[in-house]
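What follows is the content of structure08.cif (mmCIF, C-alpha atoms and all ligand atoms; chains and numbers go by the auth columns).
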```cif
data_work
#
loop_
_atom_site.group_PDB
_atom_site.id
_atom_site.type_symbol
_atom_site.label_atom_id
_atom_site.label_comp_id
_atom_site.label_asym_id
_atom_site.label_seq_id
_atom_site.Cartn_x
_atom_site.Cartn_y
_atom_site.Cartn_z
_atom_site.B_iso_or_equiv
_atom_site.auth_seq_id
_atom_site.auth_asym_id
ATOM 1 C CA MET A 1 -32.133 -39.964 -24.130 0.00 1 J
ATOM 2 C CA THR A 2 -33.635 -36.526 -24.585 0.00 2 J
ATOM 3 C CA PHE A 3 -36.685 -34.546 -23.581 0.00 3 J
ATOM 4 C CA LYS A 4 -38.669 -32.137 -25.688 0.00 4 J
ATOM 5 C CA ASN A 5 -38.572 -28.428 -24.934 0.00 5 J
ATOM 6 C CA MET A 6 -42.265 -28.473 -25.844 0.00 6 J
ATOM 7 C CA ASP A 7 -43.126 -31.107 -23.203 0.00 7 J
ATOM 8 C CA ALA A 8 -41.023 -29.578 -20.450 0.00 8 J
ATOM 9 C CA TRP A 9 -43.418 -26.828 -19.398 0.00 9 J
ATOM 10 C CA ARG A 10 -44.097 -29.364 -16.638 0.00 10 J
ATOM 11 C CA VAL A 11 -40.644 -28.648 -15.251 0.00 11 J
ATOM 12 C CA VAL A 12 -41.575 -25.011 -14.694 0.00 12 J
ATOM 13 C CA LEU A 13 -44.892 -25.956 -13.123 0.00 13 J
ATOM 14 C CA SER A 14 -43.268 -28.445 -10.742 0.00 14 J
ATOM 15 C CA MET A 15 -40.769 -25.833 -9.543 0.00 15 J
ATOM 16 C CA ILE A 16 -43.646 -23.435 -8.890 0.00 16 J
ATOM 17 C CA GLU A 17 -45.581 -26.055 -6.935 0.00 17 J
ATOM 18 C CA THR A 18 -42.501 -27.004 -4.905 0.00 18 J
ATOM 19 C CA ILE A 19 -41.932 -23.398 -3.840 0.00 19 J
ATOM 20 C CA GLN A 20 -45.618 -22.955 -3.004 0.00 20 J
ATOM 21 C CA TYR A 21 -45.631 -26.139 -0.936 0.00 21 J
ATOM 22 C CA ASN A 22 -42.437 -25.205 0.943 0.00 22 J
ATOM 23 C CA ALA A 23 -43.038 -21.457 1.403 0.00 23 J
ATOM 24 C CA ALA A 24 -43.533 -21.647 5.183 0.00 24 J
ATOM 25 C CA TYR A 25 -40.536 -23.962 5.590 0.00 25 J
ATOM 26 C CA LEU A 26 -38.291 -21.567 3.636 0.00 26 J
ATOM 27 C CA SER A 27 -39.372 -18.603 5.718 0.00 27 J
ATOM 28 C CA GLU A 28 -38.876 -20.569 8.919 0.00 28 J
ATOM 29 C CA ILE A 29 -35.271 -21.341 7.926 0.00 29 J
ATOM 30 C CA ASP A 30 -34.652 -17.751 6.825 0.00 30 J
ATOM 31 C CA GLY A 31 -36.122 -16.493 10.105 0.00 31 J
ATOM 32 C CA LYS A 32 -33.418 -18.206 12.150 0.00 32 J
ATOM 33 C CA ILE A 33 -30.586 -16.030 10.821 0.00 33 J
ATOM 34 C CA GLY A 34 -32.308 -13.689 8.355 0.00 34 J
ATOM 35 C CA ASP A 35 -35.488 -11.674 8.156 0.00 35 J
ATOM 36 C CA GLY A 36 -37.770 -14.613 7.487 0.00 36 J
ATOM 37 C CA ASP A 37 -39.058 -13.403 4.149 0.00 37 J
ATOM 38 C CA HIS A 38 -37.446 -15.894 1.771 0.00 38 J
ATOM 39 C CA GLY A 39 -40.474 -18.171 1.529 0.00 39 J
ATOM 40 C CA ILE A 40 -42.833 -15.210 1.238 0.00 40 J
ATOM 41 C CA ASN A 41 -40.842 -13.559 -1.559 0.00 41 J
ATOM 42 C CA MET A 42 -40.251 -16.759 -3.472 0.00 42 J
ATOM 43 C CA ASN A 43 -43.876 -17.836 -3.135 0.00 43 J
ATOM 44 C CA LYS A 44 -45.037 -14.434 -4.332 0.00 44 J
ATOM 45 C CA GLY A 45 -42.869 -14.575 -7.465 0.00 45 J
ATOM 46 C CA PHE A 46 -43.501 -18.198 -8.352 0.00 46 J
ATOM 47 C CA THR A 47 -47.248 -17.875 -7.764 0.00 47 J
ATOM 48 C CA LEU A 48 -47.418 -14.736 -9.886 0.00 48 J
ATOM 49 C CA CYS A 49 -45.604 -16.610 -12.646 0.00 49 J
ATOM 50 C CA LYS A 50 -48.117 -19.460 -12.356 0.00 50 J
ATOM 51 C CA THR A 51 -50.943 -16.970 -12.850 0.00 51 J
ATOM 52 C CA ARG A 52 -49.218 -15.516 -15.910 0.00 52 J
ATOM 53 C CA LEU A 53 -48.752 -18.939 -17.483 0.00 53 J
ATOM 54 C CA GLU A 54 -52.195 -20.300 -16.647 0.00 54 J
ATOM 55 C CA GLY A 55 -54.235 -21.356 -19.655 0.00 55 J
ATOM 56 C CA LYS A 56 -51.299 -20.745 -22.014 0.00 56 J
ATOM 57 C CA LYS A 57 -49.274 -23.192 -24.033 0.00 57 J
ATOM 58 C CA TYR A 58 -45.562 -22.747 -23.373 0.00 58 J
ATOM 59 C CA THR A 59 -42.280 -24.562 -23.792 0.00 59 J
ATOM 60 C CA LEU A 60 -39.600 -24.983 -21.147 0.00 60 J
ATOM 61 C CA SER A 61 -37.600 -22.047 -22.479 0.00 61 J
ATOM 62 C CA GLN A 62 -40.676 -19.812 -22.643 0.00 62 J
ATOM 63 C CA GLY A 63 -41.788 -20.779 -19.142 0.00 63 J
ATOM 64 C CA LEU A 64 -38.308 -20.155 -17.750 0.00 64 J
ATOM 65 C CA GLU A 65 -38.267 -16.745 -19.394 0.00 65 J
ATOM 66 C CA VAL A 66 -41.571 -15.721 -17.804 0.00 66 J
ATOM 67 C CA LEU A 67 -40.378 -17.051 -14.450 0.00 67 J
ATOM 68 C CA SER A 68 -37.118 -15.118 -14.772 0.00 68 J
ATOM 69 C CA ARG A 69 -38.820 -11.859 -15.656 0.00 69 J
ATOM 70 C CA THR A 70 -41.344 -12.218 -12.843 0.00 70 J
ATOM 71 C CA LEU A 71 -38.655 -12.895 -10.237 0.00 71 J
ATOM 72 C CA MET A 72 -36.499 -9.999 -11.438 0.00 72 J
ATOM 73 C CA GLU A 73 -39.250 -7.426 -11.648 0.00 73 J
ATOM 74 C CA ASP A 74 -41.900 -8.361 -9.140 0.00 74 J
ATOM 75 C CA ILE A 75 -40.357 -9.695 -5.944 0.00 75 J
ATOM 76 C CA GLY A 76 -38.339 -7.980 -3.274 0.00 76 J
ATOM 77 C CA GLY A 77 -35.218 -9.103 -1.490 0.00 77 J
ATOM 78 C CA SER A 78 -31.869 -10.171 -2.848 0.00 78 J
ATOM 79 C CA MET A 79 -33.025 -13.485 -4.260 0.00 79 J
ATOM 80 C CA GLY A 80 -35.217 -12.134 -7.069 0.00 80 J
ATOM 81 C CA PRO A 81 -32.329 -10.977 -9.274 0.00 81 J
ATOM 82 C CA LEU A 82 -30.259 -14.076 -8.471 0.00 82 J
ATOM 83 C CA TYR A 83 -32.937 -16.581 -9.441 0.00 83 J
ATOM 84 C CA GLY A 84 -33.999 -14.244 -12.238 0.00 84 J
ATOM 85 C CA VAL A 85 -30.563 -14.597 -13.804 0.00 85 J
ATOM 86 C CA PHE A 86 -30.487 -18.321 -13.014 0.00 86 J
ATOM 87 C CA PHE A 87 -33.656 -19.016 -15.023 0.00 87 J
ATOM 88 C CA ASP A 88 -32.862 -16.486 -17.757 0.00 88 J
ATOM 89 C CA GLU A 89 -29.520 -18.148 -18.491 0.00 89 J
ATOM 90 C CA MET A 90 -31.164 -21.586 -18.590 0.00 90 J
ATOM 91 C CA SER A 91 -33.843 -20.261 -20.915 0.00 91 J
ATOM 92 C CA MET A 92 -31.312 -18.735 -23.315 0.00 92 J
ATOM 93 C CA VAL A 93 -29.311 -21.955 -23.577 0.00 93 J
ATOM 94 C CA CYS A 94 -32.333 -24.114 -24.449 0.00 94 J
ATOM 95 C CA GLY A 95 -34.279 -21.448 -26.374 0.00 95 J
ATOM 96 C CA GLY A 96 -33.242 -22.715 -29.808 0.00 96 J
ATOM 97 C CA LEU A 97 -33.404 -26.411 -28.995 0.00 97 J
ATOM 98 C CA ASP A 98 -36.307 -28.742 -29.795 0.00 98 J
ATOM 99 C CA LYS A 99 -34.750 -31.568 -27.836 0.00 99 J
ATOM 100 C CA ILE A 100 -32.539 -31.347 -24.780 0.00 100 J
ATOM 101 C CA ASP A 101 -29.972 -34.035 -24.055 0.00 101 J
ATOM 102 C CA VAL A 102 -27.726 -34.675 -21.081 0.00 102 J
ATOM 103 C CA ARG A 103 -25.045 -32.294 -22.419 0.00 103 J
ATOM 104 C CA ALA A 104 -27.471 -29.493 -23.210 0.00 104 J
ATOM 105 C CA PHE A 105 -28.896 -29.750 -19.718 0.00 105 J
ATOM 106 C CA GLU A 106 -25.371 -29.537 -18.320 0.00 106 J
ATOM 107 C CA ASN A 107 -24.840 -26.381 -20.386 0.00 107 J
ATOM 108 C CA MET A 108 -28.042 -24.920 -18.952 0.00 108 J
ATOM 109 C CA LEU A 109 -26.834 -25.551 -15.399 0.00 109 J
ATOM 110 C CA LYS A 110 -23.366 -24.176 -16.184 0.00 110 J
ATOM 111 C CA ALA A 111 -24.821 -20.993 -17.680 0.00 111 J
ATOM 112 C CA ALA A 112 -27.108 -20.554 -14.666 0.00 112 J
ATOM 113 C CA LEU A 113 -24.145 -20.860 -12.303 0.00 113 J
ATOM 114 C CA ALA A 114 -21.982 -18.474 -14.347 0.00 114 J
ATOM 115 C CA GLY A 115 -24.823 -15.946 -14.436 0.00 115 J
ATOM 116 C CA ILE A 116 -25.203 -15.975 -10.664 0.00 116 J
ATOM 117 C CA GLN A 117 -21.450 -15.723 -10.150 0.00 117 J
ATOM 118 C CA ASP A 118 -21.404 -12.747 -12.526 0.00 118 J
ATOM 119 C CA ILE A 119 -23.872 -10.632 -10.581 0.00 119 J
ATOM 120 C CA GLY A 120 -23.157 -11.763 -7.026 0.00 120 J
ATOM 121 C CA ASN A 121 -19.998 -11.610 -4.990 0.00 121 J
ATOM 122 C CA ALA A 122 -20.464 -14.872 -3.102 0.00 122 J
ATOM 123 C CA LYS A 123 -17.959 -17.685 -3.311 0.00 123 J
ATOM 124 C CA ARG A 124 -18.299 -21.338 -2.524 0.00 124 J
ATOM 125 C CA GLY A 125 -18.357 -21.817 1.239 0.00 125 J
ATOM 126 C CA ASP A 126 -20.003 -18.457 1.965 0.00 126 J
ATOM 127 C CA LYS A 127 -23.272 -20.209 2.955 0.00 127 J
ATOM 128 C CA THR A 128 -25.388 -19.338 -0.076 0.00 128 J
ATOM 129 C CA LEU A 129 -27.268 -21.136 -2.846 0.00 129 J
ATOM 130 C CA LEU A 130 -23.901 -21.636 -4.587 0.00 130 J
ATOM 131 C CA ASP A 131 -23.126 -24.251 -1.949 0.00 131 J
ATOM 132 C CA THR A 132 -26.011 -26.305 -3.330 0.00 132 J
ATOM 133 C CA LEU A 133 -25.617 -25.484 -7.015 0.00 133 J
ATOM 134 C CA ILE A 134 -21.856 -25.993 -7.385 0.00 134 J
ATOM 135 C CA PRO A 135 -21.646 -29.473 -5.793 0.00 135 J
ATOM 136 C CA GLY A 136 -24.816 -30.484 -7.617 0.00 136 J
ATOM 137 C CA LEU A 137 -23.381 -29.481 -10.974 0.00 137 J
ATOM 138 C CA GLU A 138 -20.032 -31.090 -10.165 0.00 138 J
ATOM 139 C CA ALA A 139 -21.739 -34.380 -9.341 0.00 139 J
ATOM 140 C CA TYR A 140 -23.784 -34.177 -12.544 0.00 140 J
ATOM 141 C CA SER A 141 -20.664 -33.529 -14.660 0.00 141 J
ATOM 142 C CA ALA A 142 -18.760 -36.303 -12.881 0.00 142 J
ATOM 143 C CA ALA A 143 -21.571 -38.755 -13.679 0.00 143 J
ATOM 144 C CA LEU A 144 -21.383 -37.696 -17.324 0.00 144 J
ATOM 145 C CA ALA A 145 -17.618 -38.127 -17.373 0.00 145 J
ATOM 146 C CA ASP A 146 -18.176 -41.642 -15.994 0.00 146 J
ATOM 147 C CA GLY A 147 -20.405 -42.427 -18.962 0.00 147 J
ATOM 148 C CA ARG A 148 -23.620 -42.534 -16.936 0.00 148 J
ATOM 149 C CA ASP A 149 -26.942 -41.921 -18.670 0.00 149 J
ATOM 150 C CA PHE A 150 -29.287 -38.943 -18.305 0.00 150 J
ATOM 151 C CA PRO A 151 -31.405 -40.319 -15.418 0.00 151 J
ATOM 152 C CA ALA A 152 -28.275 -41.321 -13.476 0.00 152 J
ATOM 153 C CA ALA A 153 -26.752 -37.875 -14.026 0.00 153 J
ATOM 154 C CA LEU A 154 -29.966 -36.291 -12.721 0.00 154 J
ATOM 155 C CA ASP A 155 -29.793 -38.512 -9.644 0.00 155 J
ATOM 156 C CA ALA A 156 -26.181 -37.422 -9.151 0.00 156 J
ATOM 157 C CA LEU A 157 -27.271 -33.784 -9.419 0.00 157 J
ATOM 158 C CA LYS A 158 -29.731 -34.325 -6.592 0.00 158 J
ATOM 159 C CA THR A 159 -27.276 -36.244 -4.427 0.00 159 J
ATOM 160 C CA GLY A 160 -24.498 -33.673 -4.873 0.00 160 J
ATOM 161 C CA ALA A 161 -26.871 -30.779 -4.272 0.00 161 J
ATOM 162 C CA LYS A 162 -28.260 -32.426 -1.134 0.00 162 J
ATOM 163 C CA ALA A 163 -24.828 -32.953 0.395 0.00 163 J
ATOM 164 C CA GLY A 164 -23.876 -29.342 -0.354 0.00 164 J
ATOM 165 C CA TRP A 165 -27.153 -27.985 0.986 0.00 165 J
ATOM 166 C CA GLU A 166 -26.833 -29.951 4.243 0.00 166 J
ATOM 167 C CA PHE A 167 -23.250 -28.776 4.637 0.00 167 J
ATOM 168 C CA THR A 168 -24.404 -25.120 4.733 0.00 168 J
ATOM 169 C CA LYS A 169 -25.537 -25.878 8.286 0.00 169 J
ATOM 170 C CA ASP A 170 -21.895 -26.002 9.399 0.00 170 J
ATOM 171 C CA MET A 171 -20.896 -22.845 7.533 0.00 171 J
ATOM 172 C CA VAL A 172 -20.549 -19.287 8.777 0.00 172 J
ATOM 173 C CA ALA A 173 -22.380 -16.799 6.548 0.00 173 J
ATOM 174 C CA LYS A 174 -20.016 -14.497 4.653 0.00 174 J
ATOM 175 C CA VAL A 175 -22.483 -12.494 2.587 0.00 175 J
ATOM 176 C CA GLY A 176 -25.938 -11.026 3.086 0.00 176 J
ATOM 177 C CA ARG A 177 -27.842 -10.210 6.236 0.00 177 J
ATOM 178 C CA ALA A 178 -26.817 -13.380 8.090 0.00 178 J
ATOM 179 C CA SER A 179 -23.124 -12.466 7.768 0.00 179 J
ATOM 180 C CA ARG A 180 -23.601 -9.814 10.458 0.00 180 J
ATOM 181 C CA LEU A 181 -24.205 -12.654 12.931 0.00 181 J
ATOM 182 C CA GLY A 182 -20.753 -14.120 12.310 0.00 182 J
ATOM 183 C CA GLU A 183 -20.239 -17.342 14.266 0.00 183 J
ATOM 184 C CA ARG A 184 -23.872 -17.307 15.378 0.00 184 J
ATOM 185 C CA SER A 185 -24.912 -18.102 11.804 0.00 185 J
ATOM 186 C CA ARG A 186 -23.386 -21.542 12.227 0.00 186 J
ATOM 187 C CA GLY A 187 -25.725 -24.441 13.004 0.00 187 J
ATOM 188 C CA VAL A 188 -28.547 -23.298 10.729 0.00 188 J
ATOM 189 C CA LEU A 189 -29.188 -24.217 7.097 0.00 189 J
ATOM 190 C CA ASP A 190 -29.043 -21.409 4.525 0.00 190 J
ATOM 191 C CA ALA A 191 -32.451 -20.453 3.128 0.00 191 J
ATOM 192 C CA GLY A 192 -31.220 -19.799 -0.425 0.00 192 J
ATOM 193 C CA ALA A 193 -29.307 -23.080 -0.458 0.00 193 J
ATOM 194 C CA THR A 194 -32.545 -24.755 0.644 0.00 194 J
ATOM 195 C CA SER A 195 -34.710 -23.235 -2.098 0.00 195 J
ATOM 196 C CA CYS A 196 -31.987 -24.077 -4.624 0.00 196 J
ATOM 197 C CA TYR A 197 -32.040 -27.705 -3.484 0.00 197 J
ATOM 198 C CA LEU A 198 -35.834 -27.859 -3.803 0.00 198 J
ATOM 199 C CA ILE A 199 -35.711 -26.281 -7.275 0.00 199 J
ATOM 200 C CA LEU A 200 -33.000 -28.639 -8.552 0.00 200 J
ATOM 201 C CA CYS A 201 -34.894 -31.668 -7.228 0.00 201 J
ATOM 202 C CA ALA A 202 -38.149 -30.554 -8.855 0.00 202 J
ATOM 203 C CA MET A 203 -36.276 -30.016 -12.114 0.00 203 J
ATOM 204 C CA ALA A 204 -34.450 -33.349 -12.022 0.00 204 J
ATOM 205 C CA ASP A 205 -37.490 -35.390 -10.959 0.00 205 J
ATOM 206 C CA THR A 206 -39.745 -33.879 -13.608 0.00 206 J
ATOM 207 C CA VAL A 207 -37.187 -34.173 -16.418 0.00 207 J
ATOM 208 C CA LYS A 208 -36.879 -37.878 -15.541 0.00 208 J
ATOM 209 C CA THR A 209 -40.606 -38.352 -16.141 0.00 209 J
ATOM 210 C CA ILE A 210 -40.467 -36.907 -19.693 0.00 210 J
ATOM 211 C CA LEU A 211 -37.246 -38.480 -20.984 0.00 211 J
ATOM 212 C CA GLN A 212 -37.614 -40.433 -24.204 0.00 212 J
HETATM 213 MG MG MG B . -34.591 -12.827 3.876 0.00 1 K
#
```
Please rewrite the model in this file as C-alpha cells.
Amino acid sequence: MTFKNMDAWRVVLSMIETIQYNAAYLSEIDGKIGDGDHGINMNKGFTLCKTRLEGKKYTLSQGLEVLSRTLMEDIGGSMGPLYGVFFDEMSMVCGGLDKIDVRAFENMLKAALAGIQDIGNAKRGDKTLLDTLIPGLEAYSAALADGRDFPAALDALKTGAKAGWEFTKDMVAKVGRASRLGERSRGVLDAGATSCYLILCAMADTVKTILQ
C-alpha cells in the first residue's frame, strides 16, 4: 500500500486543525511547569501556515516545507526550531517521491528524529517530545519488522507514541524551563510530548484515509 504525495496535502491540513483545536489544552499543560505559551505559539505558527496554503494546490512535501519555514521563522519559544527541523527533514525525504510506502514513511520519521537530535541536547527520558517520538518510531519499526502492513504500522506508531507521551508524566524535566523545578516537574505531562503525540496521530489517521 502507498499514498500519493499529491493527495497528502490533507495530512498537513489535519495537523494544523489538530493544533488549532488543542491550543488551549497545550497551553494549560505547559502552564503547569512552564510559561504556558506552548499552545499559543504552536497555534500561531500552524494557523499562519494555514493562511499561506489557503487556496493553493500543494503536495505533502510542499506543505511540510511551508509549515517548517513558518515555524522556524515566525513563532517564538524553543519549539519553533525543533518542529521546523522535524517537518523540514520529513519534507526533504519525500520531496522526490510520487508515492510513499511504509518504508519511505519510516525514513521520514527517522530523518525527523535525527534532525531534532542534531539541534537539541535532549535525550530520551528528559521529559521532552523525544519521549513521544522515539517510542512511536520504535513501535512503527517493530511492526514493520513483524511483517505488518502500512495501516497496522501506523496504529503501532500511535500506540507507542501514546505510551511514551503518558510516561512523561512520571519523568523529571532535564532540559528547558521546567528543569529548574527539578522534582516538582514530576506528575505533569510534558507539553512538547503532548503536541508531538497529537501531530503523530493526525498524521497517522489521515495517511490511513488516503492509502491505496
Ligand atoms: Mg512554554
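Distances from J:Ser78, J:Gln20, J:Thr70, J:Asn43 to ligand MG 1 (chain K) were compared using all atoms listed in the file, and the smallest one belongs to J:Ser78.
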(message) I'd like to see the residues matched by the PyMOL selection byres (((not hetatm)) within 6 of (chain K and resi 1)) on this file, and ideally I'd get them as a ChimeraX atom specification.
(response) /J:30,34-38
Interface rows for stretch 56-131 of chain J against stretch 181-190 of chain J: nearest pair, Å to one decimal, 12 Å, all atoms listed in the file, as JSON lines:
```
{"residue": "J:Gly125", "atom": "CA", "partner": "J:Asp190", "partner_atom": "CA", "distance": 11.2}
{"residue": "J:Asp126", "atom": "CA", "partner": "J:Asp190", "partner_atom": "CA", "distance": 9.8}
{"residue": "J:Lys127", "atom": "CA", "partner": "J:Asp190", "partner_atom": "CA", "distance": 6.1}
{"residue": "J:Thr128", "atom": "CA", "partner": "J:Asp190", "partner_atom": "CA", "distance": 6.2}
{"residue": "J:Leu129", "atom": "CA", "partner": "J:Asp190", "partner_atom": "CA", "distance": 7.6}
{"residue": "J:Leu130", "atom": "CA", "partner": "J:Asp190", "partner_atom": "CA", "distance": 10.5}
{"residue": "J:Asp131", "atom": "CA", "partner": "J:Asp190", "partner_atom": "CA", "distance": 9.2}
```
Selected residues written out, C-alpha atoms, as an mmCIF file, in the frame of the given file:
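The result, stored in part.cif:
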```
data_model
loop_
_atom_site.group_PDB
_atom_site.id
_atom_site.type_symbol
_atom_site.label_atom_id
_atom_site.label_comp_id
_atom_site.auth_asym_id
_atom_site.auth_seq_id
_atom_site.Cartn_x
_atom_site.Cartn_y
_atom_site.Cartn_z
ATOM 1 C CA GLY J 125 -18.357 -21.817 1.239
ATOM 2 C CA ASP J 126 -20.003 -18.457 1.965
ATOM 3 C CA LYS J 127 -23.272 -20.209 2.955
ATOM 4 C CA THR J 128 -25.388 -19.338 -0.076
ATOM 5 C CA LEU J 129 -27.268 -21.136 -2.846
ATOM 6 C CA LEU J 130 -23.901 -21.636 -4.587
ATOM 7 C CA ASP J 131 -23.126 -24.251 -1.949
#
```
(request) Considering all atoms listed in the file, return as a ChimeraX atom specification whatever protein or nucleic-acid residues lie within 9 Å of J:Gln62, sequence-local ones (same chain, fewer than 5 positions apart) excluded. (result) /J:9,67,91,95
Serialized selection, C-alpha atoms, as an mmCIF file, in the frame of the given file:
```cif
data_model
loop_
_atom_site.group_PDB
_atom_site.id
_atom_site.type_symbol
_atom_site.label_atom_id
_atom_site.label_comp_id
_atom_site.auth_asym_id
_atom_site.auth_seq_id
_atom_site.Cartn_x
_atom_site.Cartn_y
_atom_site.Cartn_z
ATOM 1 C CA TRP J 9 -43.418 -26.828 -19.398
ATOM 2 C CA LEU J 67 -40.378 -17.051 -14.450
ATOM 3 C CA SER J 91 -33.843 -20.261 -20.915
ATOM 4 C CA GLY J 95 -34.279 -21.448 -26.374
#
```
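Across the model, the gap from atom CA of J:Gly76 to atom CA of J:Ser27 is 14.0 Å.
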Find the residues around stretch 107-111 of chain J up to 8 Å (all atoms listed in the file counted), leave out those fewer than 5 positions away in its own chain, and share them as a PDB file with C-alpha atoms, in the coordinates of the input.
```pdb
ATOM      1  CA  PHE J  86     -30.487 -18.321 -13.014  1.00  0.00           C
ATOM      2  CA  GLU J  89     -29.520 -18.148 -18.491  1.00  0.00           C
ATOM      3  CA  MET J  90     -31.164 -21.586 -18.590  1.00  0.00           C
ATOM      4  CA  SER J  91     -33.843 -20.261 -20.915  1.00  0.00           C
ATOM      5  CA  VAL J  93     -29.311 -21.955 -23.577  1.00  0.00           C
ATOM      6  CA  CYS J  94     -32.333 -24.114 -24.449  1.00  0.00           C
ATOM      7  CA  LEU J 137     -23.381 -29.481 -10.974  1.00  0.00           C
TER       8      LEU J 137
END
```
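Counting only C-alpha atoms, the residue from J:Lys50, J:Met15, J:Ala145, J:Ile75 that sits nearest to J:Phe87 is J:Met15.
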Counting only C-alpha atoms, give me one row per residue of stretch 23-108 of chain J with an atom at most 10 Å from an atom of stretch 147-151 of chain J, showing the shortest contact pair and its distance in Å to one decimal, sorted by chain then residue number, as CSV.
```
residue,atom,partner,partner_atom,distance
J:Asp101,CA,J:Phe150,CA,7.6
J:Val102,CA,J:Phe150,CA,5.3
J:Arg103,CA,J:Phe150,CA,8.9
J:Phe105,CA,J:Phe150,CA,9.3
```
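Remark: for J:Ala173, the closest of the candidate residues J:Val12, J:Ala193, J:Leu60, J:Ala114 is J:Ala193 (distances computed over only C-alpha atoms).
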(request) For the structure provided, state which residues fall under the PyMOL selection byres (((chain J and resi 163) around 12) and not hetatm), and present them as an NGL selection string. (result) :J and (131-139 or 156-162 or 164-170 or 189 or 193-194 or 197)
(request) Considering only C-alpha atoms, state which residue in the set J:Gln212, J:Asn22, J:Ser14, J:Ser179 is at the smallest distance from J:Gly39. (result) J:Asn22
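Here atom CA of J:Glu73 is placed at a distance of 29.4 Å from atom CA of J:Lys99.
For the atom pair formed by atom CA of J:Ser61 and atom CA of J:Ala142, the distance is 25.5 Å, given to one decimal.
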(message) Ranking J:Leu64, J:Leu71, J:Ala153, J:Ala122 by minimum distance to J:Arg10 and counting only C-alpha atoms, which one comes first?
(response) J:Leu64
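Proximity to J:Met92 was assessed for J:Glu106, J:Asp74, J:Asp118, J:Glu65 counting only C-alpha atoms; the smallest distance is recorded for J:Glu65.
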(request) Write out as a PyMOL selection string each polymer residue whose atoms come within 8 Å of J:Met79, counting only C-alpha atoms; drop sequence neighbours fewer than 2 positions from it. (result) chain J and resi 38+42+76-77+81-83+192
